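Novice: If you scroll down you'll find the structure; I have some questions about it.
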Amino acid sequence: MARDIKRYRVRCWENRLESWRAQPAVFWAFVLPGTLWLLLFFFVPLGLIWVLAFGERVGPVQIDITWTFANYLAVFDPVYVGLFWRSVWVATVATVIALVMGLPVALAVSFAPERVKPILLLLVILPFWTNILIRTYAMIAVLRTRGFVNFGLEYLWLMGKAFLLPFGLDEIVMGERFEPLSLLYNNTAVIFGIVYVYLPFMVLPLYATLERLDRSLLEASLDLGAGQIRTFFSIIVPLAKPGIVSGIILVFIPALGTFLISDLLGGTDSLLLGNVIERQFKAANHWPLGSAMSFVLLYVTFAILALRAWLISREEARARA
Amino acid sequence: MRESDAPIVEIQNVTKAFGRLKAVNDVSLAIPRNAFFALLGPSGCGKTTLLRMLGGFEHSSTGRILIDGEDMASIQPNRRPVNMVFQSYAVFPHMTVAENIAYGLKVTGVPRAEIGRRVTDAIAMVRLDGMATRRPDQLSGGQRQRVALARALVKRPKLLLLDEPLSALDKKLRGEMQLELVRLQHEVGITFIIVTHDQEEALGMASEIAVMQEGRILQVAPPRQLYEHPTRRFVAEFIGASNSFACEVLAIEDENARVTSPLLGELVVERAAPKVTSGTLIIRPEKVRMDFSNPAPQPGEALIRGTIDQIAYFGDLSIVYLTAEDGSRLQCSRYNVSRIAAPDPAPGTACTLGLHPEDLLLVGD
């Protein structure tokens with residue numbers, strides 16, 4: 001019986017292959033455009049960068065490929081390593097904040113009434129419809145010295161001062177003048193910007209996992225005497241782990257390579273690896289070094305993904321044991 | 001003792017409305033201590049809603065629910081002396097069998113040593129020895145259900161709620177689990193409340209059954225009384241099979257009624273309840289005597305002539321479907337008590353049915 005099913009499956013699969021072979025025109029019509037696109041606009045440029053990393057600058061526009069490792073060695077200059085760690089730190093903090101903010105949002109959406117869900121999801125995705133440049137500029141308008149946050153704070157300050165005036169305490173408590181907070185052009189602003197831009201990448205995979213979660217598991221936890229908070233940490237978080245891992249990767253990796261957000265919102269001390277790479281290709285005109293940096297970042301990303309795959313396979317092996 | 005005589009659950013005029021639909025409609029019910037109580041009814045009759053209200057997962061729109069004399073209105077599910085076995089079992093997939101069973105003790109701060117002891121006992125009780133470190137995806141459906149049972153019983157609740165616990169199991173396993181549940185209930189002495197749409201399940205396990213229809217409770221009785229003395233036509237037709245005859249009541253005589261029916265003539269039959277003064281006559285298929293000759297009626301018996309339409313052979317018994325002379329459809333079951341007896345008669349055969357008035361009952365519509 002089981003063998004029959006297997007044989008049947010094999011036959012189906014063969015049939016499918018057969019039909020591909022029988023109609024090669026249709027097959028290639030579907031497969032070719034995507035493959036060509038990937039080849040021409042992804043693998044070829046990537047290969048060029050990979051080769052450039054082994055090049056030497058001999059003139060303003062001329063680069064000789066000498067297969068030198070000097071560029072890779074230059075990447076490990078303490079200045080760049082320090083920059084790398086700061087990028088990792090900023091990306092990590094931003095990812096953690098996105099997770100802490102995204103989990104309640106994803107939970108709220110997955111528990112919302114069926115009718116409201118698409119609207120809430122739309123609200124989560126809505127920022128994607130605006131260009132990232134415009135969204136980041138909007139952050140400047142919010143955070144700058146004469147920005148909306150400081151306007152709001154100033155309003156509260158004035159209210160507080162007016163309230164304290166009859167007691168003669170206004171000067172003592174509130175000070176003479178409103179001092180606007182400098183919210184822009186520092187690492188906090190960069191982290192804020194990264195969280196704002198990449199939050200949907202955290203919310204969506206979390207939502208996808210929580211949506212599939214069997215509600216009776218939560219009821220069972222309550223039924224067995226656990227409170228809401230205990231249920232959240234003992235049941236929801238462990239079962240949402242695949243979504244949490246996906247969300248972390250989807251936020252951390254682009255955050256690690258970001259240059260636009262740190263360029264616009266960051267100060268002189270919040271340069272990230274992405275900015276340095278960008279600079280090598282533009283202002284510094286040192287393409288080989290920029291290429292080497294790009295590939296080091298790529299290898300780090302691969303290492304993170306490999307680590308994740310290894311963790312998952314180890315967990316599966318342990319579950320099977 | 002007075003306390004142990006008081007019902008463990010009192011449901012007083014409870015209504016649960018979902019919008020305009022009343023899933024539970026003015027239900028009052030007292031469930032005695034140590035009962036194996038079944039809520040039986042077709043799907044959508046409100047039985048699961050009622051069970052979930054006991055667990056605290058639904059709130060009644062009006063009315064009161066008391067468990068062991070305590071009003072449950074403001075008590076959250078995690079504070080109720082009640083545990084539930086969910087229809088999907090809801091075994092935590094990321095925990096082993098032992099971790100699943102220990103969970104309810106751990107979250108309520110039971111000392112570690114006691115947890116270990118109680119979990120071991122619970123595993124033995126549901127016969128899962130040697131499975132403590134297995135994960136749910138390595139268990140069969142029946143085993144997962146045992147985990148859900150152990151996980152609930154290890155908490156020593158006053159009440160165990162079971163939501164269609166056997167519906168996901170195959171027939172053979174279902175029979176085994178029925179016996180197992182009855183054994184467990186005797187062993188732990190906790191009141192079990194089970195929700196089911198399967199009348200055989202309810203009859204086979206419960207000490208008392210409440211039949212529900214459209215949010216109301218129609219009858220509460222022990223299995224035998226429910227089967228032999230249904231008070232309503234719906235109950236008679238939902239529990240087992242029955243033949244119904246329209247009739248007219250001529251006179252009420254104490255417990256009995258003098259009725260006349262076009263097919264059966266004039267008879268004196270028992271009334272299902274004092275308030276039943278009109279309704280339908282019912283008789284169970286196995287209580288109908290079938291004869292293929294042209295017999296004289298036995299004393300007091302009513303005779304019906306009919307033709308066999310169809311026979312369903314189930315091995316242990318055969319159900320014969322007939323059409324009576326007035327065109328009404330009847331059924332009659334015959335146990336195949338002898339291996340060498342003559343086979344069932346062919347469709348189209350004429351036969352005579354003998355109905356004893358003692359086996360007929362007047363039930364309300």
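Letters for chains follow the order of the structure tokens (A, B, ...), residue numbers begin at 1 for each chain, and ligand numbers begin at 1 in the order shown.
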Run DSSP on the backbone and give me the residues of range 13-149 of chain B it puts in alpha helix (DSSP H), as a VMD selection string.
Specialist: chain B and resid 47 to 55 97 to 106 112 to 125 141 to 149
Novice: How would the residues just chosen look if you wrote them out with C-alpha atoms as a PDB file, in the first residue's frame?
Specialist:
ATOM      1  CA  LYS B  47     -23.287  22.116  25.141  1.00  0.00           C
ATOM      2  CA  THR B  48     -19.728  23.250  24.456  1.00  0.00           C
ATOM      3  CA  THR B  49     -20.611  26.846  25.334  1.00  0.00           C
ATOM      4  CA  LEU B  50     -21.995  25.622  28.654  1.00  0.00           C
ATOM      5  CA  LEU B  51     -18.814  23.641  29.332  1.00  0.00           C
ATOM      6  CA  ARG B  52     -16.616  26.601  28.409  1.00  0.00           C
ATOM      7  CA  MET B  53     -18.595  28.760  30.835  1.00  0.00           C
ATOM      8  CA  LEU B  54     -17.716  26.302  33.593  1.00  0.00           C
ATOM      9  CA  GLY B  55     -14.055  26.581  32.563  1.00  0.00           C
ATOM     10  CA  VAL B  97       5.119  14.525  28.327  1.00  0.00           C
ATOM     11  CA  ALA B  98       6.479  15.088  31.828  1.00  0.00           C
ATOM     12  CA  GLU B  99       6.883  18.843  31.276  1.00  0.00           C
ATOM     13  CA  ASN B 100       3.323  19.065  30.001  1.00  0.00           C
ATOM     14  CA  ILE B 101       1.994  17.319  33.087  1.00  0.00           C
ATOM     15  CA  ALA B 102       4.206  19.338  35.434  1.00  0.00           C
ATOM     16  CA  TYR B 103       3.267  22.682  33.866  1.00  0.00           C
ATOM     17  CA  GLY B 104       0.083  23.244  35.860  1.00  0.00           C
ATOM     18  CA  LEU B 105       1.870  22.427  39.127  1.00  0.00           C
ATOM     19  CA  LYS B 106       4.920  24.530  38.320  1.00  0.00           C
ATOM     20  CA  ARG B 112       9.716  20.704  43.133  1.00  0.00           C
ATOM     21  CA  ALA B 113       9.880  17.386  44.994  1.00  0.00           C
ATOM     22  CA  GLU B 114       6.118  17.148  45.140  1.00  0.00           C
ATOM     23  CA  ILE B 115       5.843  17.955  41.431  1.00  0.00           C
ATOM     24  CA  GLY B 116       8.149  15.051  40.598  1.00  0.00           C
ATOM     25  CA  ARG B 117       6.130  12.638  42.698  1.00  0.00           C
ATOM     26  CA  ARG B 118       2.754  13.757  41.427  1.00  0.00           C
ATOM     27  CA  VAL B 119       3.869  13.726  37.787  1.00  0.00           C
ATOM     28  CA  THR B 120       5.169  10.163  38.161  1.00  0.00           C
ATOM     29  CA  ASP B 121       1.876   9.097  39.725  1.00  0.00           C
ATOM     30  CA  ALA B 122      -0.127  10.816  36.998  1.00  0.00           C
ATOM     31  CA  ILE B 123       1.923   9.151  34.255  1.00  0.00           C
ATOM     32  CA  ALA B 124       1.295   5.779  35.843  1.00  0.00           C
ATOM     33  CA  MET B 125      -2.391   6.550  36.284  1.00  0.00           C
ATOM     34  CA  GLY B 141      -3.642  10.580  19.186  1.00  0.00           C
ATOM     35  CA  GLY B 142      -4.697   8.322  22.035  1.00  0.00           C
ATOM     36  CA  GLN B 143      -1.448   8.929  23.893  1.00  0.00           C
ATOM     37  CA  ARG B 144      -1.736  12.682  23.451  1.00  0.00           C
ATOM     38  CA  GLN B 145      -5.168  12.494  24.958  1.00  0.00           C
ATOM     39  CA  ARG B 146      -3.789  10.611  27.949  1.00  0.00           C
ATOM     40  CA  VAL B 147      -1.252  13.409  28.412  1.00  0.00           C
ATOM     41  CA  ALA B 148      -4.082  15.963  28.358  1.00  0.00           C
ATOM     42  CA  LEU B 149      -5.976  13.869  30.928  1.00  0.00           C
TER      43      LEU B 149
END
Novice: Quick check: residues of chain B within 12 Å of chain A, only C-alpha atoms, returned as an MDAnalysis selection string.
Specialist: chainID B and resid 52 54:58 75:96 99:110 133:138 148:157 159:161 163
Novice: Could you pull the residues within 10 Å of Ala202 in chain B, counting only C-alpha atoms, minus those fewer than 2 positions along the same chain, as an MDAnalysis selection string?
Specialist: chainID B and resid 36:40 178 194:200 204:211 222:223 239
Novice: Restricted to C-alpha atoms, what would the selected residues look like written as an mmCIF file, in the first residue's frame?
Specialist:
data_model
loop_
_atom_site.group_PDB
_atom_site.id
_atom_site.type_symbol
_atom_site.label_atom_id
_atom_site.label_comp_id
_atom_site.auth_asym_id
_atom_site.auth_seq_id
_atom_site.Cartn_x
_atom_site.Cartn_y
_atom_site.Cartn_z
ATOM 1 C CA PHE B 36 -19.867 11.215 35.491
ATOM 2 C CA PHE B 37 -22.109 13.762 33.866
ATOM 3 C CA ALA B 38 -22.667 14.002 30.120
ATOM 4 C CA LEU B 39 -23.956 16.995 28.172
ATOM 5 C CA LEU B 40 -25.401 15.423 25.056
ATOM 6 C CA GLN B 178 -14.470 5.012 27.281
ATOM 7 C CA ILE B 194 -18.187 15.406 29.358
ATOM 8 C CA VAL B 195 -19.580 17.056 26.257
ATOM 9 C CA THR B 196 -20.484 14.730 23.423
ATOM 10 C CA HIS B 197 -22.753 14.426 20.434
ATOM 11 C CA ASP B 198 -22.395 10.647 20.441
ATOM 12 C CA GLN B 199 -25.308 9.075 22.280
ATOM 13 C CA GLU B 200 -23.606 5.691 22.627
ATOM 14 C CA GLY B 204 -21.909 3.892 27.925
ATOM 15 C CA MET B 205 -19.997 6.163 30.279
ATOM 16 C CA ALA B 206 -22.179 8.633 32.098
ATOM 17 C CA SER B 207 -23.993 8.182 35.368
ATOM 18 C CA GLU B 208 -26.293 11.008 34.369
ATOM 19 C CA ILE B 209 -27.020 12.663 31.030
ATOM 20 C CA ALA B 210 -28.474 16.047 30.139
ATOM 21 C CA VAL B 211 -29.898 16.202 26.633
ATOM 22 C CA PRO B 222 -29.487 8.356 34.161
ATOM 23 C CA PRO B 223 -28.828 6.468 30.898
ATOM 24 C CA ILE B 239 -31.054 8.701 21.982
#
Novice: Can you pull out the residues contacting Ala73 in chain B? Cut-off 8 Å, using only C-alpha atoms, and skip same-chain residues under 5 positions away; I want them as a ChimeraX atom specification.
Specialist: /B:59,64-65
Novice: Using N, CA and C atoms, can you export the residues from the last selection as a compact mmCIF listing (two decimals), in the first residue's frame?
Specialist:
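Final output, saved to out24.txt:
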# COMPACT_ATOMS: atom_id res chain seq x y z
N HIS B 59 -18.38 33.98 29.24
CA HIS B 59 -19.11 34.54 30.37
C HIS B 59 -20.60 34.50 30.07
N ARG B 64 -26.32 32.62 37.11
CA ARG B 64 -25.19 32.38 37.99
C ARG B 64 -24.66 30.97 37.83
N ILE B 65 -23.35 30.83 37.99
CA ILE B 65 -22.74 29.50 38.02
C ILE B 65 -22.00 29.36 39.34
Novice: Can you work out the spacing between CA of Arg233 in chain B and CA of Leu361 in chain B in Å, to one decimal?
Specialist: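 Separating CA of Arg233 in chain B from CA of Leu361 in chain B is a distance of 10.2 Å.
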Novice: Would you list the contacts of Ser318 in chain B as a PyMOL selection string, taking every protein, DNA or RNA residue within 6 Å and counting only C-alpha atoms, but skipping same-chain residues closer than 6 positions in sequence?
Specialist: chain B and resi 312+333-334
Novice: Which residues of range 54-77 of chain A have any atom within 7 Å of an atom in range 288-292 of chain A when counting only C-alpha atoms, and what is the closest pair of atoms for each, with the distance in Å to one decimal? Order the rows by chain and rising number and write it as a Markdown table.
Specialist:
| residue | atom | partner | partner_atom | distance |
| --- | --- | --- | --- | --- |
| A:Phe54 | CA | A:Pro288 | CA | 6.6 |
| A:Gly55 | CA | A:Pro288 | CA | 5.6 |
| A:Glu56 | CA | A:Pro288 | CA | 6.7 |
| A:Asn71 | CA | A:Leu289 | CA | 5.1 |
| A:Tyr72 | CA | A:Ala292 | CA | 5.5 |
Novice: Write out as a list in words which residues come within 12 Å of Phe234 in chain B when counting only C-alpha atoms, dropping same-chain ones fewer than 3 positions away.
Specialist: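 Surrounding residues, per the criterion: Gly41, Pro42, Val211, Met212, Gln213, Glu214, Ile217, Leu218, Gln219, Leu226, Tyr227, Pro230, Thr231, Glu237, Phe238, Ile239, Gly240, Ala241, Ser242, Ser244, Gly279, Thr280, Ile282, Val363, Gly364 and Asp365 of chain B.
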Novice: For C-alpha atoms, I'd like the residues from the last selection saved as an mmCIF file, in the first residue's frame.
Specialist:
data_model
loop_
_atom_site.group_PDB
_atom_site.id
_atom_site.type_symbol
_atom_site.label_atom_id
_atom_site.label_comp_id
_atom_site.auth_asym_id
_atom_site.auth_seq_id
_atom_site.Cartn_x
_atom_site.Cartn_y
_atom_site.Cartn_z
ATOM 1 C CA GLY B 41 -26.861 17.080 22.019
ATOM 2 C CA PRO B 42 -26.454 17.710 18.307
ATOM 3 C CA VAL B 211 -29.898 16.202 26.633
ATOM 4 C CA MET B 212 -29.681 19.628 25.051
ATOM 5 C CA GLN B 213 -31.339 21.124 22.016
ATOM 6 C CA GLU B 214 -31.105 24.693 20.756
ATOM 7 C CA ILE B 217 -31.946 21.269 28.440
ATOM 8 C CA LEU B 218 -34.743 18.870 27.547
ATOM 9 C CA GLN B 219 -34.181 16.097 30.047
ATOM 10 C CA LEU B 226 -33.272 8.344 29.381
ATOM 11 C CA TYR B 227 -33.526 5.452 26.967
ATOM 12 C CA PRO B 230 -37.667 9.783 27.339
ATOM 13 C CA THR B 231 -40.074 12.603 28.084
ATOM 14 C CA GLU B 237 -35.257 10.112 18.538
ATOM 15 C CA PHE B 238 -31.832 11.470 19.490
ATOM 16 C CA ILE B 239 -31.054 8.701 21.982
ATOM 17 C CA GLY B 240 -31.194 5.465 20.031
ATOM 18 C CA ALA B 241 -33.756 4.859 17.319
ATOM 19 C CA SER B 242 -37.493 4.867 17.792
ATOM 20 C CA SER B 244 -43.257 7.123 16.395
ATOM 21 C CA GLY B 279 -48.003 13.914 22.064
ATOM 22 C CA THR B 280 -46.625 10.950 20.189
ATOM 23 C CA ILE B 282 -42.938 5.773 20.652
ATOM 24 C CA VAL B 363 -44.001 11.380 24.987
ATOM 25 C CA GLY B 364 -44.446 15.145 24.611
ATOM 26 C CA ASP B 365 -43.725 16.733 21.241
#
Novice: Could you give me the residues within range 135-356 of chain B that DSSP places in strand (DSSP E or B), as an NGL selection string?
Specialist: :B and (159-163 or 191-196 or 208-213 or 216-221 or 232 or 243-246 or 248-253 or 256-261 or 265-271 or 280-283 or 289-291 or 302-313 or 317-324 or 329-335 or 350-355)
Novice: At what distance in Å, to one decimal, does CA of Leu264 in chain B lie from CA of Tyr321 in chain B?
Specialist: 18.3 Å
Novice: Counting only C-alpha atoms, which of B:Asn25, B:Thr323, B:Asn34, B:Ser261 gets nearest to Ala6 in chain B?
Specialist: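 For Ala6 in chain B, the nearest of the candidates is B:Asn34.
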Novice: Skipping near chain neighbours, those fewer than 4 positions away, what residues fall within 9 Å of Val109 in chain A using only C-alpha atoms, listed as a list in words?
Specialist: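 Skipping anything fewer than 4 positions along the chain leaves Pro104, Val105, Pro113, Val116, Lys117, Pro118, Leu120, Leu121, Tyr207 and Glu211 of chain A.
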